[in-house]
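Have a look at the structure below before the remarks.
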Amino acid sequence: MEINFLPKLFSFSGRKRCGKTELAKICKEYGYEILNFADPMKNLICKVLNISREELEENKDKKQSIKFSENDIILLSNETDINIEIYKQNIEFNSIREILQTLGTDIIRKNNPEWHINKIKEIIENMENINKKYCFGDTRFKNEKEFLENLGAECWFIIRPNNFNISNHISEMELTWSDFNRNILINNEDLFNFRQKWIRYLNLHLKEYSNKNYFLNDNNVKNVRNKLIYVLNNYDINDIERETRLRRTQIRWLCNKLFIYLFEEYNGYIFQNVTFQNCYLFGQLESNGYIKRDKKCSIIFEHENSKLVNNFKKSLNIKRKMKKNKKNQKFSIECHNELIIENLKKWDLKYLITQ
């Protein structure tokens with residue numbers, strides 16, 4: 001008998017160009033239908049402009065003058081149940097992308113934030129679609145994620161450390177890695193290997209999972225993951241070893257196999273929010289550090305004063321030792337952590353990046 005423990009719903013979040021679309025395409029090969037929260041908005045704009053979805057996607061970024069007529073505004077108001085006077089304040093645009101951003105984020109999300117979610121809900125709950133599996137490649141807001149999780153969706157956040165071609169628009173920033181527990185995927189490989197990583201994860205669900213450990217023993221990979229994530233979140237490492245009867249190396253190996261992100265080594269919350277400490281550390285990094293842009297991306301901090309370097313080291317909870325450059329007599333510390341790099345992208349750090 002064929003085993004299939006794949007969830008009914010998958011969802012991907014993360015900054016643009018992080019790899020969401022690629023993983024959604026793979027899910028399609030496994031029988032998932034791709035849905036996007038932007039679909040209802042795009043379909044509505046197609047109706048207003050009298051164009052097809054193909055034309056919309058093809059000309060989305062084309063510079064052109066677009067002005068809504070009185071009938072267009074009435075149609076928008078009726079479809080979204082938003083006062084017509086609000087639409088009258090925004091009738092001229094320079095591109096279709098500008099229309100989507102203005103109407104989708106500035107108008108509909110502010111005045112009827114559940115509109116597009118209700119449209120998606122109608123599709124999923126339609127009796128004709130009751131047995132379908134769906135994959136969402138553009139979950140950007142907390143109410144979207146909450147809606148999917150209430151339906152049992154497995155939600156993932158993708159980090160691509162060396163991609164700095166980003167936007168700090170609210171649609172790129174409302175959801176962060178810290179909203180996804182340990183469902184965090186790191187895209188620091190070439191496209192082929194990144195795709196293969198996700199294929200391996202999906203294939204885990206297509207057979208009975210065998211583990212002789214008494215605590216994790218279950219034939220469903222989702223149940224095994226949830227058990228291990230629970231102890232990781234609620235116990236320190238010694239208690240985890242005692243609870244699961246697994247050594248640290250075994251726990252690390254198992255987490256890697258089951259795609260459970262381990263972030264105990266560094267202080268991954270550094271630079272996530274604007275605080276006095278984070279502003280001070282960022283100022284220190286501006287003056288005495290840089291980002292080395294390679295596949296993994298590294299933070300390099302160096303100074304003649306070893307105490308200053310050591311304080312930076314402690315703040316980020318870096319375990320490795322300081323180094324001393326004999327030529328310039330500077331002390332330095334290097335940090336490889338995807339979460340901290342992701343946090344720093346909020347701070348407009350492009351001028352700190354070296355190739």
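In the structure tokens, each chain is lettered A, B, ... as it comes, each chain's residues begin at 1, and ligands are numbered from 1 in order of appearance.
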
>> Please return, as a PyMOL selection string, all residues of stretch 123-195 of chain A that DSSP assigns to strand (DSSP E) on the basis of the backbone.
In response: chain A and resi 133-136+154-159+184-186

Counting only C-alpha atoms, which residues of stretch 287-349 of chain A fall within 12 Å of stretch 248-262 of chain A, and what is the closest atom pair for each with its distance in Å at one decimal, ordered by chain and rising number, as CSV?
```
residue,atom,partner,partner_atom,distance
A:Asn337,CA,A:Leu262,CA,11.0
A:Glu338,CA,A:Tyr261,CA,10.9
A:Leu339,CA,A:Tyr261,CA,10.7
```

Please dump the current selection as a CSV table (one decimal), in the first residue's frame; keep C-alpha atoms.
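Saved as again-v3.csv:
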```
chain,number,residue,atom,x,y,z
A,337,ASN,CA,24.9,33.0,11.0
A,338,GLU,CA,22.0,33.2,8.6
A,339,LEU,CA,19.6,34.6,11.1
```

>> Env of A:Gln89: 12 Å cut, atoms = only C-alpha atoms, seq-sep filter 2 positions within chain, self excluded. Answer as a PyMOL selection string.
In response: chain A and resi 67-68+73+83-87+91-93+102-103+106-107

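Take atom CA of A:Glu57 and atom CA of A:Ile96: the distance between them is 9.0 Å.
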
Write out as a Markdown table the residues of stretch 232-301 of chain A that have any atom within 8 Å of an atom of stretch 340-354 of chain A, one row each with the nearest atom pair and its distance in Å to one decimal, counting only C-alpha atoms, sorted by chain and then rising number.
```
| residue | atom | partner | partner_atom | distance |
| --- | --- | --- | --- | --- |
| A:Asn267 | CA | A:Ile340 | CA | 7.9 |
| A:Gly268 | CA | A:Ile340 | CA | 5.4 |
| A:Tyr269 | CA | A:Ile340 | CA | 7.0 |
| A:Ile270 | CA | A:Ile340 | CA | 6.4 |
| A:Phe271 | CA | A:Asn343 | CA | 5.5 |
| A:Gln272 | CA | A:Asn343 | CA | 4.8 |
| A:Glu286 | CA | A:Leu352 | CA | 7.1 |
| A:Gly289 | CA | A:Leu352 | CA | 7.5 |
| A:Tyr290 | CA | A:Leu352 | CA | 4.8 |
| A:Ile291 | CA | A:Ile353 | CA | 4.6 |
| A:Lys292 | CA | A:Thr354 | CA | 5.2 |
| A:Arg293 | CA | A:Thr354 | CA | 5.8 |
| A:Cys297 | CA | A:Ile341 | CA | 7.5 |
| A:Ser298 | CA | A:Ile341 | CA | 8.0 |
| A:Ile299 | CA | A:Ile341 | CA | 7.8 |
```

Give me a file of those residues, with N, CA and C atoms, as a JSON list (two decimals), in the first residue's frame.
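Generated file (selection.json):
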```
[["chain", "number", "residue", "atom", "x", "y", "z"],
["A", 267, "ASN", "N", 23.38, 34.27, 19.07],
["A", 267, "ASN", "CA", 22.23, 35.05, 19.51],
["A", 267, "ASN", "C", 21.53, 35.56, 18.25],
["A", 268, "GLY", "N", 20.64, 34.74, 17.71],
["A", 268, "GLY", "CA", 20.00, 35.05, 16.45],
["A", 268, "GLY", "C", 19.05, 36.24, 16.50],
["A", 269, "TYR", "N", 18.73, 36.72, 17.70],
["A", 269, "TYR", "CA", 17.80, 37.84, 17.82],
["A", 269, "TYR", "C", 18.50, 39.20, 17.77],
["A", 270, "ILE", "N", 19.84, 39.17, 17.76],
["A", 270, "ILE", "CA", 20.60, 40.42, 17.64],
["A", 270, "ILE", "C", 20.26, 41.10, 16.30],
["A", 271, "PHE", "N", 20.04, 42.40, 16.34],
["A", 271, "PHE", "CA", 19.72, 43.24, 15.18],
["A", 271, "PHE", "C", 18.30, 43.03, 14.66],
["A", 272, "GLN", "N", 17.50, 42.20, 15.35],
["A", 272, "GLN", "CA", 16.15, 41.97, 14.83],
["A", 272, "GLN", "C", 15.26, 43.19, 15.03],
["A", 286, "GLU", "N", 29.45, 49.32, 11.73],
["A", 286, "GLU", "CA", 29.67, 50.32, 10.68],
["A", 286, "GLU", "C", 31.10, 50.83, 10.67],
["A", 289, "GLY", "N", 33.67, 47.02, 10.89],
["A", 289, "GLY", "CA", 33.37, 45.72, 10.32],
["A", 289, "GLY", "C", 32.82, 45.78, 8.91],
["A", 290, "TYR", "N", 32.53, 44.62, 8.37],
["A", 290, "TYR", "CA", 31.95, 44.52, 7.03],
["A", 290, "TYR", "C", 31.31, 43.13, 6.86],
["A", 291, "ILE", "N", 30.55, 42.99, 5.80],
["A", 291, "ILE", "CA", 29.92, 41.72, 5.46],
["A", 291, "ILE", "C", 30.69, 41.12, 4.29],
["A", 292, "LYS", "N", 31.24, 39.94, 4.48],
["A", 292, "LYS", "CA", 31.93, 39.24, 3.39],
["A", 292, "LYS", "C", 30.90, 38.43, 2.63],
["A", 293, "ARG", "N", 30.69, 38.79, 1.38],
["A", 293, "ARG", "CA", 29.63, 38.15, 0.61],
["A", 293, "ARG", "C", 30.16, 36.92, -0.12],
["A", 297, "CYS", "N", 27.86, 33.96, 3.62],
["A", 297, "CYS", "CA", 27.94, 35.33, 4.14],
["A", 297, "CYS", "C", 28.49, 35.34, 5.57],
["A", 298, "SER", "N", 29.44, 36.20, 5.79],
["A", 298, "SER", "CA", 30.08, 36.28, 7.11],
["A", 298, "SER", "C", 30.14, 37.73, 7.56],
["A", 299, "ILE", "N", 30.00, 37.90, 8.88],
["A", 299, "ILE", "CA", 30.21, 39.22, 9.49],
["A", 299, "ILE", "C", 31.63, 39.25, 10.02]]
```

>> I need the residues in stretch 34-168 of chain A that are helix (DSSP H, G or I) according to DSSP; give them as a PyMOL selection string.
In response: chain A and resi 39-49+53-59+70-80+84-88+96-111+115-125+127-129+142-150

>> Counting only C-alpha atoms, which residue out of A:Asn59, A:Asn188, A:Asn36, A:Asn126 sits closest to A:Arg140?
In response: A:Asn36

>> Give me, as number ranges by chain, all polymer residues having an atom no more than 12 Å from A:Asp39, counting only C-alpha atoms and skipping those fewer than 5 positions away in the same chain.
In response: A: 34, 44-46, 53, 56-57, 100, 104, 115-120, 123, 136-139

Grab the residues selected above and save them as an mmCIF file, in the first residue's frame with C-alpha atoms.
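out-v2.cif was written with the following content:
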```cif
data_model
loop_
_atom_site.group_PDB
_atom_site.id
_atom_site.type_symbol
_atom_site.label_atom_id
_atom_site.label_comp_id
_atom_site.auth_asym_id
_atom_site.auth_seq_id
_atom_site.Cartn_x
_atom_site.Cartn_y
_atom_site.Cartn_z
ATOM 1 C CA ILE A 34 -0.248 26.450 -6.582
ATOM 2 C CA LEU A 44 -9.612 41.853 -9.998
ATOM 3 C CA ILE A 45 -7.134 44.170 -11.737
ATOM 4 C CA CYS A 46 -7.388 42.025 -14.878
ATOM 5 C CA ARG A 53 -3.428 37.168 -16.373
ATOM 6 C CA LEU A 56 -0.750 41.330 -16.497
ATOM 7 C CA GLU A 57 2.332 39.253 -15.613
ATOM 8 C CA LEU A 100 -1.120 46.087 -7.195
ATOM 9 C CA GLY A 104 -3.395 45.590 -2.331
ATOM 10 C CA TRP A 115 -10.895 40.223 1.588
ATOM 11 C CA HIS A 116 -8.259 38.237 -0.289
ATOM 12 C CA ILE A 117 -8.171 35.553 2.418
ATOM 13 C CA ASN A 118 -11.915 35.023 2.102
ATOM 14 C CA LYS A 119 -11.507 34.670 -1.663
ATOM 15 C CA ILE A 120 -8.860 31.979 -1.147
ATOM 16 C CA ILE A 123 -11.581 28.148 -3.422
ATOM 17 C CA PHE A 136 1.175 28.884 -1.315
ATOM 18 C CA GLY A 137 4.335 30.538 -2.596
ATOM 19 C CA ASP A 138 3.716 34.084 -1.387
ATOM 20 C CA THR A 139 2.541 34.122 2.249
#
```

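With only C-alpha atoms as the atoms that count, the residue of A:Tyr214, A:Tyr32, A:Phe263, A:Phe301 with the shortest distance to A:Asn131 is A:Tyr32.
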
>> Under the rule that only C-alpha atoms are counted, which of A:Lys47, A:Asn213, A:Ile199, A:Thr80 is the nearest residue to A:Lys28?
In response: A:Ile199
